[in-house]
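S.K.: My questions all concern the structure below.
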Amino acid sequence: MTSMSLETTAAALARQLECLTLGERLALVASLDGRAVFTTSLGIEDQVITAAIGTAKLDIAVSTLETGRLFNETVALIDTTEQTYGILIKRFHPEQADVDAYAASYGLNGFYESIEARHACCGVRKVKPLARALAGATYWITGLRRGQSGNRADTPFAEADLDRGLIKINPLADWDIDTIRAYVVAEAIPVNPLHARGYPSIGCEPCTRAIKPGEPERAGRWWWENDETRECGLHVADAASQPIPDTKAMAGSAA
């Protein structure tokens with residue numbers, strides 16, 4: 001599709017999705033021409049989507065980014081979810097050469113030292129694997145919600161991702177956290193035990209902490225940075241077109 005047709009199609013699809021239930025939204029996307037891919041972080045929102053896909057046996061590929069720094073609880077939940085719904089969650093790992101080059105240049109935990117280093121780590125462990133997960137996809141389904149953070153407050157049901165040349169689908173855009181929790185209980189959906197310990201948003205273990213009372217849901221992600229709009233790059237405009245850290249250059253700079 002051209003950029004204009006991608007945006008036109010996304011806008012029309014957003015209008016269609018608005019008046020549907022979650023199951024109907026996912027079924028509609030699964031019925032469209034092209035490949036649909038759902039990328040799950042195993043968070044509570046994503047578990048709701050995975051349950052809907054698995055229960056209805058929808059033709060939607062389910063993938064996850066196994067960054068190598070996830071909580072043990074998150075990794076264990078992948079297997080539990082596959083067994084519960086009889087689905088395959090395809091794991092995409094970072095390239096070891098990229099990880100080694102990052103560590104040589106910044107140090108294994110160099111992301112604490114600068115935003116540049118943190119973005120480079122997310123690039124190696126998330127953005128590059130995501131590109132492989134979405135290869136050949138026409139539709140990318142996510143668990144983004146408007147209530148997760150201020151910079152996600154205007155999340156549409158469908159939007160054109162011009163850099164990746166696909167349409168991003170956000171079927172839970174209008175769901176609040178109370179609705180999510182009630183749905184999980186009603187449908188007996190397995191969730192990460194860390195949610196009960198004060199972790200509403202769960203990423204890599206070194207970059208995630210429990211939140212304090214009254215803090216936004218995503219306040220525990222990269223908490224040492226002051227920018228309230230902080231993201232890993234997966235859902236940032238132009239992220240796909242940004243240069244990913246060159247492993248050879250990083251290795252050379254560390255020599």
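By order of appearance in the structure tokens: chains A, B, ..., then residues from 1 within every chain, and ligands from 1 in the order shown.
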Please identify the strand (DSSP E) residues within segment 104-231 of chain A (assignment by DSSP from backbone atoms) and present them as a short mmCIF file (atom, residue, chain, number, x, y, z; two decimals) with N, CA and C atoms, in the first residue's frame.
M.R.:
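File written: states.cif
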```cif
data_model
loop_
_atom_site.label_atom_id
_atom_site.label_comp_id
_atom_site.auth_asym_id
_atom_site.auth_seq_id
_atom_site.Cartn_x
_atom_site.Cartn_y
_atom_site.Cartn_z
N TYR A 139 -0.86 -6.64 9.44
CA TYR A 139 -1.48 -6.08 10.63
C TYR A 139 -0.69 -6.48 11.87
N TRP A 140 -0.41 -5.50 12.71
CA TRP A 140 0.32 -5.73 13.95
C TRP A 140 -0.62 -5.43 15.10
N ILE A 141 -0.97 -6.44 15.88
CA ILE A 141 -1.88 -6.28 17.01
C ILE A 141 -1.08 -6.06 18.28
N ALA A 158 -6.98 1.62 15.31
CA ALA A 158 -6.14 1.23 14.18
C ALA A 158 -5.39 2.46 13.71
N GLU A 159 -4.13 2.28 13.34
CA GLU A 159 -3.32 3.40 12.88
C GLU A 159 -2.28 2.90 11.87
N ALA A 160 -1.92 3.77 10.96
CA ALA A 160 -0.92 3.42 9.96
C ALA A 160 0.47 3.53 10.56
N ASP A 161 1.24 2.48 10.44
CA ASP A 161 2.66 2.50 10.81
C ASP A 161 3.42 2.62 9.50
N LEU A 166 2.74 -1.17 7.64
CA LEU A 166 1.62 -2.02 8.07
C LEU A 166 0.63 -1.20 8.88
N ILE A 167 -0.44 -1.86 9.31
CA ILE A 167 -1.45 -1.20 10.14
C ILE A 167 -1.38 -1.79 11.54
N LYS A 168 -1.26 -0.91 12.51
CA LYS A 168 -1.20 -1.34 13.91
C LYS A 168 -2.62 -1.35 14.47
N ILE A 169 -3.00 -2.44 15.09
CA ILE A 169 -4.32 -2.62 15.67
C ILE A 169 -4.20 -2.63 17.19
#
```
S.K.: Please determine, counting only C-alpha atoms, which residue among A:Thr39, A:Asn72, A:Thr50, A:Thr64 has the shortest atom-to-atom distance to Ile87 of chain A.
M.R.: A:Thr50
S.K.: Would you please extract all alpha helix (DSSP H) residues from segment 77-251 of chain A, as assigned by DSSP on the backbone, and give them as a PyMOL selection string?
M.R.: chain A and resi 77-85+96-106+115-122+128-133+177-187+247-251
S.K.: Show me, as JSON lines, the residues of segment 201-225 of chain A having an atom within 12 Å of segment 95-115 of chain A, each with the closest atom pair and its distance in Å, using only C-alpha atoms.
M.R.:
```
{"residue": "A:Cys204", "atom": "CA", "partner": "A:Asn109", "partner_atom": "CA", "distance": 11.7}
{"residue": "A:Glu205", "atom": "CA", "partner": "A:Asn109", "partner_atom": "CA", "distance": 11.3}
{"residue": "A:Pro206", "atom": "CA", "partner": "A:Asn109", "partner_atom": "CA", "distance": 8.1}
{"residue": "A:Cys207", "atom": "CA", "partner": "A:Tyr112", "partner_atom": "CA", "distance": 8.6}
{"residue": "A:Thr208", "atom": "CA", "partner": "A:Tyr112", "partner_atom": "CA", "distance": 11.9}
{"residue": "A:Trp222", "atom": "CA", "partner": "A:Tyr112", "partner_atom": "CA", "distance": 8.5}
{"residue": "A:Trp223", "atom": "CA", "partner": "A:Tyr112", "partner_atom": "CA", "distance": 9.9}
{"residue": "A:Trp224", "atom": "CA", "partner": "A:Tyr112", "partner_atom": "CA", "distance": 7.4}
{"residue": "A:Glu225", "atom": "CA", "partner": "A:Ile115", "partner_atom": "CA", "distance": 7.6}
```
S.K.: I need the chosen residues saved as an mmCIF file, in the first residue's frame, with all heavy atoms.
M.R.:
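Saved as selection_18.cif:
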```
data_model
loop_
_atom_site.group_PDB
_atom_site.id
_atom_site.type_symbol
_atom_site.label_atom_id
_atom_site.label_comp_id
_atom_site.auth_asym_id
_atom_site.auth_seq_id
_atom_site.Cartn_x
_atom_site.Cartn_y
_atom_site.Cartn_z
ATOM 1 N N CYS A 204 11.747 -5.742 31.055
ATOM 2 C CA CYS A 204 12.960 -6.436 31.473
ATOM 3 C C CYS A 204 13.177 -6.214 32.970
ATOM 4 O O CYS A 204 12.892 -5.139 33.502
ATOM 5 C CB CYS A 204 14.163 -5.926 30.685
ATOM 6 S SG CYS A 204 14.127 -6.379 28.930
ATOM 7 N N GLU A 205 13.720 -7.218 33.650
ATOM 8 C CA GLU A 205 13.872 -7.145 35.106
ATOM 9 C C GLU A 205 14.711 -5.956 35.569
ATOM 10 O O GLU A 205 14.309 -5.253 36.520
ATOM 11 C CB GLU A 205 14.461 -8.459 35.633
ATOM 12 C CG GLU A 205 14.566 -8.499 37.142
ATOM 13 C CD GLU A 205 14.949 -9.867 37.671
ATOM 14 O OE1 GLU A 205 15.325 -10.737 36.857
ATOM 15 O OE2 GLU A 205 14.884 -10.058 38.902
ATOM 16 N N PRO A 206 15.863 -5.658 34.956
ATOM 17 C CA PRO A 206 16.662 -4.538 35.463
ATOM 18 C C PRO A 206 16.009 -3.177 35.255
ATOM 19 O O PRO A 206 16.423 -2.197 35.882
ATOM 20 C CB PRO A 206 17.962 -4.628 34.641
ATOM 21 C CG PRO A 206 17.970 -5.982 34.037
ATOM 22 C CD PRO A 206 16.537 -6.344 33.837
ATOM 23 N N CYS A 207 15.017 -3.113 34.385
ATOM 24 C CA CYS A 207 14.417 -1.827 34.004
ATOM 25 C C CYS A 207 12.998 -1.648 34.520
ATOM 26 O O CYS A 207 12.282 -0.743 34.074
ATOM 27 C CB CYS A 207 14.428 -1.688 32.480
ATOM 28 S SG CYS A 207 16.078 -1.759 31.761
ATOM 29 N N THR A 208 12.567 -2.508 35.439
ATOM 30 C CA THR A 208 11.187 -2.464 35.919
ATOM 31 C C THR A 208 11.171 -2.537 37.440
ATOM 32 O O THR A 208 11.853 -3.368 38.032
ATOM 33 C CB THR A 208 10.369 -3.645 35.362
ATOM 34 O OG1 THR A 208 10.521 -3.701 33.946
ATOM 35 C CG2 THR A 208 8.900 -3.495 35.694
ATOM 36 N N TRP A 222 11.813 2.085 33.374
ATOM 37 C CA TRP A 222 12.941 3.016 33.216
ATOM 38 C C TRP A 222 12.771 4.190 34.174
ATOM 39 O O TRP A 222 12.912 5.347 33.808
ATOM 40 C CB TRP A 222 13.031 3.488 31.760
ATOM 41 C CG TRP A 222 12.954 2.359 30.799
ATOM 42 C CD1 TRP A 222 13.894 1.403 30.578
ATOM 43 C CD2 TRP A 222 11.857 2.041 29.926
ATOM 44 N NE1 TRP A 222 13.455 0.497 29.636
ATOM 45 C CE2 TRP A 222 12.210 0.864 29.223
ATOM 46 C CE3 TRP A 222 10.621 2.641 29.673
ATOM 47 C CZ2 TRP A 222 11.369 0.275 28.280
ATOM 48 C CZ3 TRP A 222 9.785 2.049 28.749
ATOM 49 C CH2 TRP A 222 10.158 0.881 28.067
ATOM 50 N N TRP A 223 12.508 3.866 35.438
ATOM 51 C CA TRP A 223 12.136 4.862 36.441
ATOM 52 C C TRP A 223 13.234 5.894 36.725
ATOM 53 O O TRP A 223 12.957 6.973 37.238
ATOM 54 C CB TRP A 223 11.768 4.151 37.745
ATOM 55 C CG TRP A 223 12.976 3.537 38.407
ATOM 56 C CD1 TRP A 223 13.774 4.127 39.358
ATOM 57 C CD2 TRP A 223 13.547 2.259 38.139
ATOM 58 N NE1 TRP A 223 14.797 3.284 39.711
ATOM 59 C CE2 TRP A 223 14.683 2.131 38.978
ATOM 60 C CE3 TRP A 223 13.216 1.212 37.292
ATOM 61 C CZ2 TRP A 223 15.479 0.986 38.977
ATOM 62 C CZ3 TRP A 223 14.013 0.080 37.301
ATOM 63 C CH2 TRP A 223 15.122 -0.031 38.122
ATOM 64 N N TRP A 224 14.471 5.577 36.393
ATOM 65 C CA TRP A 224 15.570 6.506 36.669
ATOM 66 C C TRP A 224 15.628 7.658 35.665
ATOM 67 O O TRP A 224 16.363 8.611 35.862
ATOM 68 C CB TRP A 224 16.901 5.760 36.678
ATOM 69 C CG TRP A 224 17.250 5.142 35.355
ATOM 70 C CD1 TRP A 224 17.982 5.698 34.342
ATOM 71 C CD2 TRP A 224 16.864 3.845 34.886
ATOM 72 N NE1 TRP A 224 18.078 4.842 33.274
ATOM 73 C CE2 TRP A 224 17.398 3.684 33.578
ATOM 74 C CE3 TRP A 224 16.125 2.790 35.439
ATOM 75 C CZ2 TRP A 224 17.215 2.532 32.825
ATOM 76 C CZ3 TRP A 224 15.946 1.639 34.682
ATOM 77 C CH2 TRP A 224 16.478 1.512 33.394
ATOM 78 N N GLU A 225 14.859 7.571 34.586
ATOM 79 C CA GLU A 225 14.802 8.653 33.614
ATOM 80 C C GLU A 225 13.684 9.619 33.998
ATOM 81 O O GLU A 225 12.635 9.213 34.502
ATOM 82 C CB GLU A 225 14.555 8.107 32.204
ATOM 83 C CG GLU A 225 15.703 7.247 31.692
ATOM 84 C CD GLU A 225 15.453 6.712 30.290
ATOM 85 O OE1 GLU A 225 14.520 7.184 29.623
ATOM 86 O OE2 GLU A 225 16.197 5.809 29.866
#
```
S.K.: Compare A:His195, A:Arg125, A:His93, A:Arg35 by their minimum atom-to-atom distance to Ile60 of chain A, counting only C-alpha atoms, and give me the closest one.
M.R.: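 Answer, going by the shortest atom-to-atom distance: A:Arg35.
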S.K.: Which neighbours of Pro171 of chain A fall inside 7 Å, counting only C-alpha atoms, when residues of the same chain fewer than 2 positions from it are skipped, and could you give them as a list of chain:residue names?
M.R.: A:Leu22, A:Arg25, A:Phe157, A:Ile169, A:Ala173
S.K.: What is the atom CA of Ala137 of chain A-atom CA of Ile49 of chain A distance in Å, reported with one decimal?
M.R.: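 Interatomic distance here is 17.8 Å.
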S.K.: Hey, which of A:Arg15, A:Leu144, A:Asp163, A:Ala219 ends up closest to Ile44 of chain A? Count only C-alpha atoms.
M.R.: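 That would be A:Leu144, the residue with the smallest distance to Ile44 of chain A.
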S.K.: Could you jot down the atom CA of Gly214 of chain A to atom CA of Arg69 of chain A separation for me, Å, one decimal place?
M.R.: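 Separating atom CA of Gly214 of chain A from atom CA of Arg69 of chain A is a distance of 27.3 Å.
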S.K.: Mind giving me the straight-line distance from atom CA of Phe38 of chain A to atom CA of Thr80 of chain A in Å, one decimal?
M.R.: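 Separating atom CA of Phe38 of chain A from atom CA of Thr80 of chain A is a distance of 17.6 Å.
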S.K.: Using only C-alpha atoms, which residue out of A:Thr84, A:Thr55, A:Asn170, A:Thr138 lies closest to Gly34 of chain A?
M.R.: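 Using only C-alpha atoms, Gly34 of chain A sits closest to A:Thr138.
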